[in-house]
Amino acid sequence: MSITGSDTMILKNYINGEWKSSSSRRSLEVPNPATDELLTKVPVSTKEDVNLAVSAAKAAFAIWKRVPVPKRARLLFKYHTLLTDHHAELAKLIVRENGKAYKEAYGEVQRGIECVEFAAGAPTLMMGETLSGIAEEIDSEMFRYPLGVVGGITPFNFPMMVPLWMFPLAVACGNTFVLKPSERTPILANRLAELFSEAGAPPGVLNVVHGAHDVVNGLLEHKDIAAISFVGSQAVAKFVYERAAAEGKRVQALSGAKNHHIVMPDADMDKAVQHIISSTFGSAGQRCMACSAVVVVGENERFIQALKKKADDLIIGNGMDDEVLLTPVIRREHREKVLSYIEKGIGEGAELIRDGRREIHEHPHGNFLGPTIFDRVTPEMTIAKDEIFAPVLSLLRAKDLDEGLEFIRKSRYGNGATIYTNNAGAIRQFREEADAGMLGINVGVPATMAFFPFSGWKDSFYGDLHVNGKDGVNFYTRKKMITSRFES
Ligand code: NAD
């Protein structure tokens with residue numbers, strides 16, 4: 001079986017340990033964003049396909065939940081070894097379907113492997129609590145149990161890391177899983193399932209159903225799905241959260257972002273420029289932790305000129321080439337949307353100090369767009385408010401830190417924020433007052449590691465228990481309390 005389905009040129013679903021063609025006749029093309037080369041087609045699966053996967057997962061759950069926790073953890077250890085052995089191959093697959101640079105993809109695989117590492121600690125993570133003597137001759141114990149079948153819906157920008165935020169921990173906690181990967185980057189999901197099976201995952205424990213809205217709706221409506229983990233754009237996250245909650249499911253929905261970086265006058269300018277360039281333009285700005293708005297505190301022309309110069313020097317191209325930092329955006333239609341944002345920025349009076357549209361004609365194949373920087377953006381402008389998800393940066397001017405923090409407060413999003421400074425007072429004020437869930441102090445991408453929660457605030461997250469860390473364990477388990485009387 002070829003994971004790209006090149007025998008038929010249409011990817012298969014993975015259900016109950018078997019590769020199964022979708023019952024749908026509809027499919028979508030999956031091109032390489034850097035070359036336009038057709039990689040494969042992905043089926044637009046139906047609710048019937050979802051039903052098959054959920055039935056398989058439900059049957060597998062009845063057995064899997066009884067497998068002793070250390071034995072479940074051993075599956076994760078084996079998976080860890082396999083993923084590590086295939087690190088470079090997985091990174092290359094990411095570059096082909098997502099377009100990001102190989103170095104970024106390699107790092108993404110590493111982040112994914114770390115989630116498996118964390119999940120392999122299930123015997124410790126799943127421990128309950130006890131208290132002897134809550135009353136005369138009475139003790140209390142708390143045990144953790146899995147929920148049942150969990151549905152995971154993932155975005156295009158991290159085809160490895162985001163699915164691995166979900167199913168390794170869910171499965172280690174005793175749940176079974178149905179994954180709906182992004183239809184724009186579906187190939188890696190099949191390879192992840194293949195390796196999971198090679199590691200010894202029993203049939204039905206992990207299932208993959210490819211497609212779009214119908215699969216998502218099928219999962220949200222299915223009575224045998226106990227919980228939904230979602231990562232994607234804001235409007236869809238809110239819809240998924242509301243719909244799944246209305247169906248009585250547990251849900252965590254990670255959403256869009258607009259991450260502000262504050263540059264204080266005392267910052268180490270060279271380092272700030274370097275971090276901001278790689279945070280803004282790495283992965284073509286298509287990271288939920290990407291910097292998309294810089295707040296320049298005070299007059300700081302030197303910083304702005306240095307930033308522009310570095311942007312001019314960026315090498316644009318195919319992510320497989322070593323020197324390249326700026327890679328294509330995911331689809332031609334997405335670039336069209338970004339171009340309309342650039343027009344909007346100009347129309348609303350922002351100053352376009354670096355126009356990335358000029359690089360488009362130099363790259364006739366692929367969805368390239370050069371680094372684009374707007375200066376004198378105000379918080380009311382559309383380009384300051386919306387997530388553009390592209391190599392487009394807004395510079396906002398603030399007279400002091402208070403005003404910079406006010407800009408962050410005004411944003412509907414609260415995924416991440418960073419400050420560049422060495423001033424202890426400014427750092428503390430930023431830590432206490434910045435209205436976002438993941439803060440960086442002189443760090444360009446303050447994404448958390450697998451043992452901490454990925455902790456977006458405001459419209460960047462719907463739900464209460466985040467992915468990863470103890471939150472993840474709480475999300476994928478439910479508690480049972482036992483109160484026992486021991487009469488002497
Ligand atoms: P997207 O919302 O387009 O798609 C995400 C998933 O939802 C996909 O599987 C897709 O098939 C499905 N989907 C899309 N539209 C739908 C609809 N109308 N009804 C039902 N299902 C639908 O997101 P994307 O473009 O793939 O990913 C980028 C977005 O994800 C950005 O907004 C980014 O900030 C966000 N993201 C957030 C985090 C985080 O941790 N907060 C992490 C990664 C990505």
# chains A, B, ... in the order shown; residues from 1 in each chain; ligands from 1
>>> residues_around(residues="region 313-328 of chain A", least_positions_apart="3", cutoff="7 Å", atoms="only C-alpha atoms", output="list of chain:residue names")
A:Pro33, A:Ala34, A:Val95, A:Gly99, A:Lys100, A:Ala101, A:Tyr102, A:Phe281, A:Gly282, A:Ser283, A:Ala284, A:Lys309, A:Lys310, A:Gly366, A:Asn367, A:Phe368, A:Leu369
>>> residues_around(residues="His87 (chain A)", least_positions_apart="2", cutoff="8 Å", atoms="only C-alpha atoms", output="mmCIF file with C-alpha atoms, in the first residue's frame")
data_model
loop_
_atom_site.group_PDB
_atom_site.id
_atom_site.type_symbol
_atom_site.label_atom_id
_atom_site.label_comp_id
_atom_site.auth_asym_id
_atom_site.auth_seq_id
_atom_site.Cartn_x
_atom_site.Cartn_y
_atom_site.Cartn_z
ATOM 1 C CA LEU A 83 9.117 8.350 14.495
ATOM 2 C CA THR A 84 12.715 9.060 15.469
ATOM 3 C CA ASP A 85 13.981 6.527 12.915
ATOM 4 C CA GLU A 89 11.502 11.179 5.856
ATOM 5 C CA LEU A 90 8.597 12.713 7.795
ATOM 6 C CA ALA A 91 10.150 16.180 7.533
ATOM 7 C CA TYR A 106 12.451 18.927 10.940
ATOM 8 C CA VAL A 109 8.701 16.506 13.655
ATOM 9 C CA GLN A 110 10.753 16.982 16.816
#
>>> residues_near_ligand(ligand="ligand 1", cutoff="9 Å", atoms="only C-alpha atoms and all ligand atoms", output="ChimeraX atom specification")
/A:152-158,162,180-185,210-217,230-237,239-240,253-258,286-290,330,334,387-389,415,447,454-456,460-461,467
>>> residues_around(residues="Val171 (chain A)", least_positions_apart="2", cutoff="12 Å", atoms="only C-alpha atoms", output="PyMOL selection string")
chain A and resi 57+60-61+64-65+67+69+71-76+116+119-120+122+145-152+164-169+173-179+196+201-202+204-207+472-473+476-477
>>> select_by_dssp(residues="region 372-430 of chain A", states="strand (DSSP E)", output="ChimeraX atom specification")
/A:372-375,392-398,413-414,416-420
>>> write_last_selection(atoms="N, CA and C atoms", output="PDB file, in the first residue's frame")
ATOM      1  N   THR A 372       6.227  41.401   3.338  1.00  0.00           N
ATOM      2  CA  THR A 372       5.434  42.623   3.192  1.00  0.00           C
ATOM      3  C   THR A 372       5.330  43.300   4.553  1.00  0.00           C
ATOM      4  N   ILE A 373       5.679  44.592   4.597  1.00  0.00           N
ATOM      5  CA  ILE A 373       5.653  45.299   5.886  1.00  0.00           C
ATOM      6  C   ILE A 373       4.889  46.618   5.746  1.00  0.00           C
ATOM      7  N   PHE A 374       3.934  46.799   6.636  1.00  0.00           N
ATOM      8  CA  PHE A 374       3.202  48.064   6.736  1.00  0.00           C
ATOM      9  C   PHE A 374       3.669  48.818   7.978  1.00  0.00           C
ATOM     10  N   ASP A 375       3.886  50.117   7.832  1.00  0.00           N
ATOM     11  CA  ASP A 375       4.207  50.947   8.998  1.00  0.00           C
ATOM     12  C   ASP A 375       2.999  51.849   9.305  1.00  0.00           C
ATOM     13  N   VAL A 392       3.006  38.912   6.130  1.00  0.00           N
ATOM     14  CA  VAL A 392       2.592  40.320   6.137  1.00  0.00           C
ATOM     15  C   VAL A 392       2.666  40.825   7.578  1.00  0.00           C
ATOM     16  N   LEU A 393       3.450  41.883   7.781  1.00  0.00           N
ATOM     17  CA  LEU A 393       3.681  42.398   9.131  1.00  0.00           C
ATOM     18  C   LEU A 393       3.166  43.825   9.266  1.00  0.00           C
ATOM     19  N   SER A 394       2.520  44.094  10.399  1.00  0.00           N
ATOM     20  CA  SER A 394       2.071  45.461  10.700  1.00  0.00           C
ATOM     21  C   SER A 394       2.947  46.059  11.786  1.00  0.00           C
ATOM     22  N   LEU A 395       3.413  47.286  11.584  1.00  0.00           N
ATOM     23  CA  LEU A 395       4.141  47.996  12.641  1.00  0.00           C
ATOM     24  C   LEU A 395       3.211  49.047  13.238  1.00  0.00           C
ATOM     25  N   LEU A 396       3.034  48.979  14.559  1.00  0.00           N
ATOM     26  CA  LEU A 396       2.220  49.976  15.260  1.00  0.00           C
ATOM     27  C   LEU A 396       3.166  50.806  16.122  1.00  0.00           C
ATOM     28  N   ARG A 397       2.925  52.081  16.188  1.00  0.00           N
ATOM     29  CA  ARG A 397       3.796  52.951  17.003  1.00  0.00           C
ATOM     30  C   ARG A 397       3.103  53.240  18.336  1.00  0.00           C
ATOM     31  N   ALA A 398       3.863  53.072  19.443  1.00  0.00           N
ATOM     32  CA  ALA A 398       3.306  53.379  20.769  1.00  0.00           C
ATOM     33  C   ALA A 398       4.248  54.329  21.490  1.00  0.00           C
ATOM     34  N   TYR A 413      -7.766  38.500  19.770  1.00  0.00           N
ATOM     35  CA  TYR A 413      -6.992  37.272  19.945  1.00  0.00           C
ATOM     36  C   TYR A 413      -6.036  37.385  21.132  1.00  0.00           C
ATOM     37  N   GLY A 414      -5.622  36.239  21.660  1.00  0.00           N
ATOM     38  CA  GLY A 414      -4.681  36.257  22.790  1.00  0.00           C
ATOM     39  C   GLY A 414      -3.864  34.980  22.844  1.00  0.00           C
ATOM     40  N   GLY A 416      -0.341  34.494  21.655  1.00  0.00           N
ATOM     41  CA  GLY A 416       0.981  34.784  22.178  1.00  0.00           C
ATOM     42  C   GLY A 416       1.296  36.267  22.129  1.00  0.00           C
ATOM     43  N   ALA A 417       2.348  36.673  22.859  1.00  0.00           N
ATOM     44  CA  ALA A 417       2.871  38.041  22.785  1.00  0.00           C
ATOM     45  C   ALA A 417       4.305  37.990  23.302  1.00  0.00           C
ATOM     46  N   THR A 418       5.125  38.897  22.769  1.00  0.00           N
ATOM     47  CA  THR A 418       6.534  38.903  23.176  1.00  0.00           C
ATOM     48  C   THR A 418       6.976  40.331  23.467  1.00  0.00           C
ATOM     49  N   ILE A 419       7.932  40.459  24.387  1.00  0.00           N
ATOM     50  CA  ILE A 419       8.562  41.767  24.604  1.00  0.00           C
ATOM     51  C   ILE A 419      10.078  41.605  24.426  1.00  0.00           C
ATOM     52  N   TYR A 420      10.689  42.595  23.788  1.00  0.00           N
ATOM     53  CA  TYR A 420      12.153  42.626  23.667  1.00  0.00           C
ATOM     54  C   TYR A 420      12.651  43.761  24.541  1.00  0.00           C
TER      55      TYR A 420
END
>>> residues_around(residues="Leu28 (chain A)", least_positions_apart="5", cutoff="8 Å", atoms="only C-alpha atoms", output="list in words")
Lys41, Val42, Pro43, Val44 and Glu183 of chain A
>>> write_last_selection(atoms="N, CA and C atoms", output="mmCIF file, in the first residue's frame")
data_model
loop_
_atom_site.group_PDB
_atom_site.id
_atom_site.type_symbol
_atom_site.label_atom_id
_atom_site.label_comp_id
_atom_site.auth_asym_id
_atom_site.auth_seq_id
_atom_site.Cartn_x
_atom_site.Cartn_y
_atom_site.Cartn_z
ATOM 1 N N LYS A 41 -4.575 12.988 -4.640
ATOM 2 C CA LYS A 41 -5.913 13.560 -4.421
ATOM 3 C C LYS A 41 -6.429 13.040 -3.091
ATOM 4 N N VAL A 42 -7.262 13.840 -2.469
ATOM 5 C CA VAL A 42 -7.796 13.443 -1.164
ATOM 6 C C VAL A 42 -9.316 13.277 -1.312
ATOM 7 N N PRO A 43 -9.857 12.178 -0.802
ATOM 8 C CA PRO A 43 -11.301 12.001 -0.949
ATOM 9 C C PRO A 43 -12.073 12.952 -0.040
ATOM 10 N N VAL A 44 -13.222 13.404 -0.524
ATOM 11 C CA VAL A 44 -14.115 14.207 0.328
ATOM 12 C C VAL A 44 -15.078 13.196 0.939
ATOM 13 N N GLU A 183 -7.594 18.724 4.702
ATOM 14 C CA GLU A 183 -7.655 18.224 3.318
ATOM 15 C C GLU A 183 -6.560 18.859 2.465
#
